[in-house]
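**Q** A single structure is presented below for examination.
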Amino acid sequence: MKASICAKTSSAFAPGYYSVIGMPTQRQIRYGIKPLVFLLCALPLLSLIGRAFGFGDDLGPNPVETLQDVLGEWGLRFLLATLAVTPLRLLLGKPWLGQFRRMLGLFAFTYAGLHFANYLVLDQSLDLATIVEDIVERPFITVGFVAVVTMVPLAITSTAGWRRRLGKRWNALHRLVYPAAILACWHFWWQVKKDITEPLIYAAILAALLGYRIWRHVSQKTQSA
Amino acid sequence: MLINKPPGIRPSEITPESVFRNRRQLLRAAGLGGAGLLLGTGCSAEESEASGALKSLDVVKGSSFSTDEPMTDYEDITSYNNFYEFGLDKSDPARLSGDFKPRPWSVEIAGEAAKTGVFDLDDIIGPHPIEERIYRLRCVEAWSMVVPWNGIPLGDIIKRFEPTSRAKYVAFETVVRPSEMPGQRRGVLDFPYVEGLTMAEAMHPLTLLAVGLYGRELPNQNGAPLRLVVPWKYGFKSIKSIVKISFTETEPPTTWSLSAPREYGFYANVNPEVDHPRWSQAKERAIGGGVFSPKKPTLMFNGYAEQVASLYEGLDLRKNF
């Protein structure tokens, strides 16, 4: 079963594609690596919860802002991590890495969703008029809102059942992750008051991840031509 | 116009120094054992460590300009700062200002005045009593505090230097010391930080040159040893660590309006009706309010309309933001 997933998404000329030396067994992945990765991905959230209840650093003089910033940053980081899976899998020749893509994507959605929920509930106190005005009139909020909304269908259809039902259309649908990531980077960039170093770093990583896909797409085409 | 006393604001009720406690420290301490709190001096170990080196000031309290709203905790005022000279993160100024030496300090008085030159800070502030002024502070980023400043009305100091009739504006400049101010080693803003006021704004009795807060000298992160406080304007107008004050005939350049002219103007009066291009200014988050406290509405001129609105009669505040 794992072989069939790989065959569908991997290209034949990826280096090391056929090598299975050093590959963990499905059992190791399922009961060892996956739970560990899950825990690692949940750590930022657990840390925020801990801080909210007074363990270690508290959330600082402006806790709502801290929550907003930290959740948003992790949403963006996991979005980029999700997009890094395929290039890493191909470049390192480790097809089993593909099995972590869904988990990373769902964590990206979780953090981005909590980021949005924090804005709605704690920051705006569910003041609908202000929220609508913000989303309609403030481009950086519009962009962030669209990014989160774009991720909703991806999260819903992330299950094996939906993947089977949608067939080829699943791949097409899940290309929405590209605009979502671009919008998320843009949202961060626009929000910054002055120093754009950090958004620039995220944008550069995103450019590399998308650039790799374009390069691969083009070089595949020229090879088959 | 300038000397009218504001009606409506009652003399503040002054919290004794022994009650300057921090809510979060309180909670933490309560978690560890509430009994100790009742017996304690009220000054937590953390706070005395943070402010212990700062000299106490002899302060005249009870200004009619003070608000009686609850003051923001000392720890919050001194750990949540925008002071790009020390770094961009709000925790940077408190963390990275340890090398800064606010003494000895001198200030250059220049421009359209009879008495100009370089003066020692003590000579500038020495002749004046230090007043406590509990003011609202509204940051352009839509958060706010209530700060018990200690300082001298800027107008009282200005008069001593006898500005001429050509002095229409007052320009201020922050110190440049990259070796002591790590944020100045990065080119995020063009340093020195510069700010300015009209002469009428500078002479307004609300405008303060602060040398302390909460009855002690200013900590480095809050603009030691001398900073401006203009409570009806966004916080970035209240320039910190001032080394130069000059009287000019023309409107002086100001750092944020040079950096982003579309977003920040010369006046920068707090105005809930004129939004920042990227966010609303209608509401503000009070620092120290905790996770579940909603934002509160921002007031015109930060609640000082009665005292200062007359300064701007006939001025289009939407254009002159």
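Residue numbers start at 1 in each chain; chains themselves are named A, B, ... in the order of the structure tokens; ligands are numbered from 1 in the order shown.
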Could you work out which residues of chain B fall inside 7 Å of chain A? Count only C-alpha atoms, and format the result as a ChimeraX atom specification.
**A** /B:76,80,188,278-279,287-288,290-292,294
**Q** Please give the complete set of residues from region 128-284 of chain B that DSSP, run on the backbone, assigns to strand (DSSP E), formatted as JSON, numbers by chain.
**A** {"B": [130, 131, 132, 133, 134, 135, 136, 137, 138, 143, 144, 145, 146, 147, 148, 149, 150, 151, 152, 153, 169, 170, 171, 172, 173, 174, 194, 195, 196, 197, 198, 208, 209, 210, 211, 212, 213, 216, 217, 227, 228, 229, 242, 243, 244, 245, 246, 247, 248, 283, 284]}
**Q** Please determine, counting only C-alpha atoms, which residue among B:Glu85, B:Asp92, B:Asp120, B:Glu75 has the shortest atom-to-atom distance to Tyr193 (chain B).
**A**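 With only C-alpha atoms as the atom set, the closest residue is B:Glu85.
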**Q** What's the separation between CA of Thr157 (chain A) and CA of Met23 (chain A), in Å to one decimal place?
**A**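 Interatomic distance here is 28.3 Å.
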**Q** One decimal, in Å: what's the spacing between CA of Arg133 (chain B) and CA of Val176 (chain B)?
**A**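 That distance, rounded to one decimal, is 28.2 Å.
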**Q** Return as a ChimeraX atom specification the full set of residues in region 48-166 of chain A whose backbone-based DSSP assignment is alpha helix (DSSP H).
**A** /A:48-52,63-92,101-118,128-137,139-156,160-166
**Q** Using only C-alpha atoms, which protein or nucleic acid residues come within 6 Å of Gly223 (chain B)? Drop anything in the same chain fewer than 2 positions from it, and give the result as a ChimeraX atom specification.
**A** /B:220-221,227,240-241
**Q** Go ahead and save the picked residues with all heavy atoms, as an mmCIF file, in the first residue's frame.
**A**
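Writing the result to again30.cif gives the following:
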```cif
data_model
loop_
_atom_site.group_PDB
_atom_site.id
_atom_site.type_symbol
_atom_site.label_atom_id
_atom_site.label_comp_id
_atom_site.auth_asym_id
_atom_site.auth_seq_id
_atom_site.Cartn_x
_atom_site.Cartn_y
_atom_site.Cartn_z
ATOM 1 N N ASN B 220 16.115 52.768 31.771
ATOM 2 C CA ASN B 220 16.648 52.987 30.421
ATOM 3 C C ASN B 220 15.612 52.716 29.338
ATOM 4 O O ASN B 220 15.503 53.444 28.366
ATOM 5 C CB ASN B 220 17.868 52.098 30.189
ATOM 6 C CG ASN B 220 19.069 52.562 30.998
ATOM 7 O OD1 ASN B 220 19.082 53.685 31.505
ATOM 8 N ND2 ASN B 220 20.067 51.708 31.121
ATOM 9 N N GLN B 221 14.846 51.623 29.511
ATOM 10 C CA GLN B 221 13.904 51.225 28.462
ATOM 11 C C GLN B 221 12.756 52.213 28.285
ATOM 12 O O GLN B 221 12.049 52.175 27.293
ATOM 13 C CB GLN B 221 13.360 49.813 28.716
ATOM 14 C CG GLN B 221 12.579 49.621 29.997
ATOM 15 C CD GLN B 221 13.455 49.183 31.161
ATOM 16 O OE1 GLN B 221 14.629 49.524 31.226
ATOM 17 N NE2 GLN B 221 12.894 48.398 32.070
ATOM 18 N N ARG B 227 12.734 62.370 28.805
ATOM 19 C CA ARG B 227 11.880 62.086 27.651
ATOM 20 C C ARG B 227 10.688 63.035 27.632
ATOM 21 O O ARG B 227 10.336 63.641 28.631
ATOM 22 C CB ARG B 227 11.376 60.649 27.701
ATOM 23 C CG ARG B 227 10.451 60.396 28.885
ATOM 24 C CD ARG B 227 9.717 59.091 28.740
ATOM 25 N NE ARG B 227 8.767 59.125 27.651
ATOM 26 C CZ ARG B 227 8.198 58.037 27.143
ATOM 27 N NH1 ARG B 227 8.523 56.850 27.611
ATOM 28 N NH2 ARG B 227 7.328 58.141 26.174
ATOM 29 N N LYS B 240 12.260 59.780 23.326
ATOM 30 C CA LYS B 240 12.998 59.346 24.530
ATOM 31 C C LYS B 240 14.473 59.765 24.473
ATOM 32 O O LYS B 240 14.993 60.069 23.408
ATOM 33 C CB LYS B 240 12.905 57.814 24.625
ATOM 34 C CG LYS B 240 11.456 57.284 24.637
ATOM 35 C CD LYS B 240 11.458 55.776 24.849
ATOM 36 C CE LYS B 240 10.049 55.205 24.868
ATOM 37 N NZ LYS B 240 9.565 54.873 23.508
ATOM 38 N N SER B 241 15.104 59.716 25.635
ATOM 39 C CA SER B 241 16.553 59.974 25.777
ATOM 40 C C SER B 241 16.991 61.185 24.952
ATOM 41 O O SER B 241 17.825 61.085 24.043
ATOM 42 C CB SER B 241 17.351 58.727 25.373
ATOM 43 O OG SER B 241 16.930 57.614 26.128
#
```
**Q** Leaving out Gln68 (chain A) and any residue of its chain fewer than 5 positions from it, which residues lie within 7 Å of it when counting only C-alpha atoms, given as JSON, numbers by chain?
**A** {"A": [115, 118, 119]}
**Q** Convert the current residue selection to file output with C-alpha atoms, as an mmCIF file, in the first residue's frame.
**A**
```
data_model
loop_
_atom_site.group_PDB
_atom_site.id
_atom_site.type_symbol
_atom_site.label_atom_id
_atom_site.label_comp_id
_atom_site.auth_asym_id
_atom_site.auth_seq_id
_atom_site.Cartn_x
_atom_site.Cartn_y
_atom_site.Cartn_z
ATOM 1 C CA HIS A 115 -4.962 32.318 15.183
ATOM 2 C CA ASN A 118 -8.162 34.219 18.819
ATOM 3 C CA TYR A 119 -8.700 37.289 16.649
#
```
**Q** So, counting only C-alpha atoms, which residue among A:Val146, A:Leu209, A:Leu92, A:Ile156 is closest to Leu79 (chain A)?
**A**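 Distance minimum relative to Leu79 (chain A) lands on A:Leu209.
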**Q** How many Å lie between CA of Lys295 (chain B) and CA of Val70 (chain A), rounded to one decimal?
**A**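 About the pair CA of Lys295 (chain B) and CA of Val70 (chain A): they are 20.0 Å apart.
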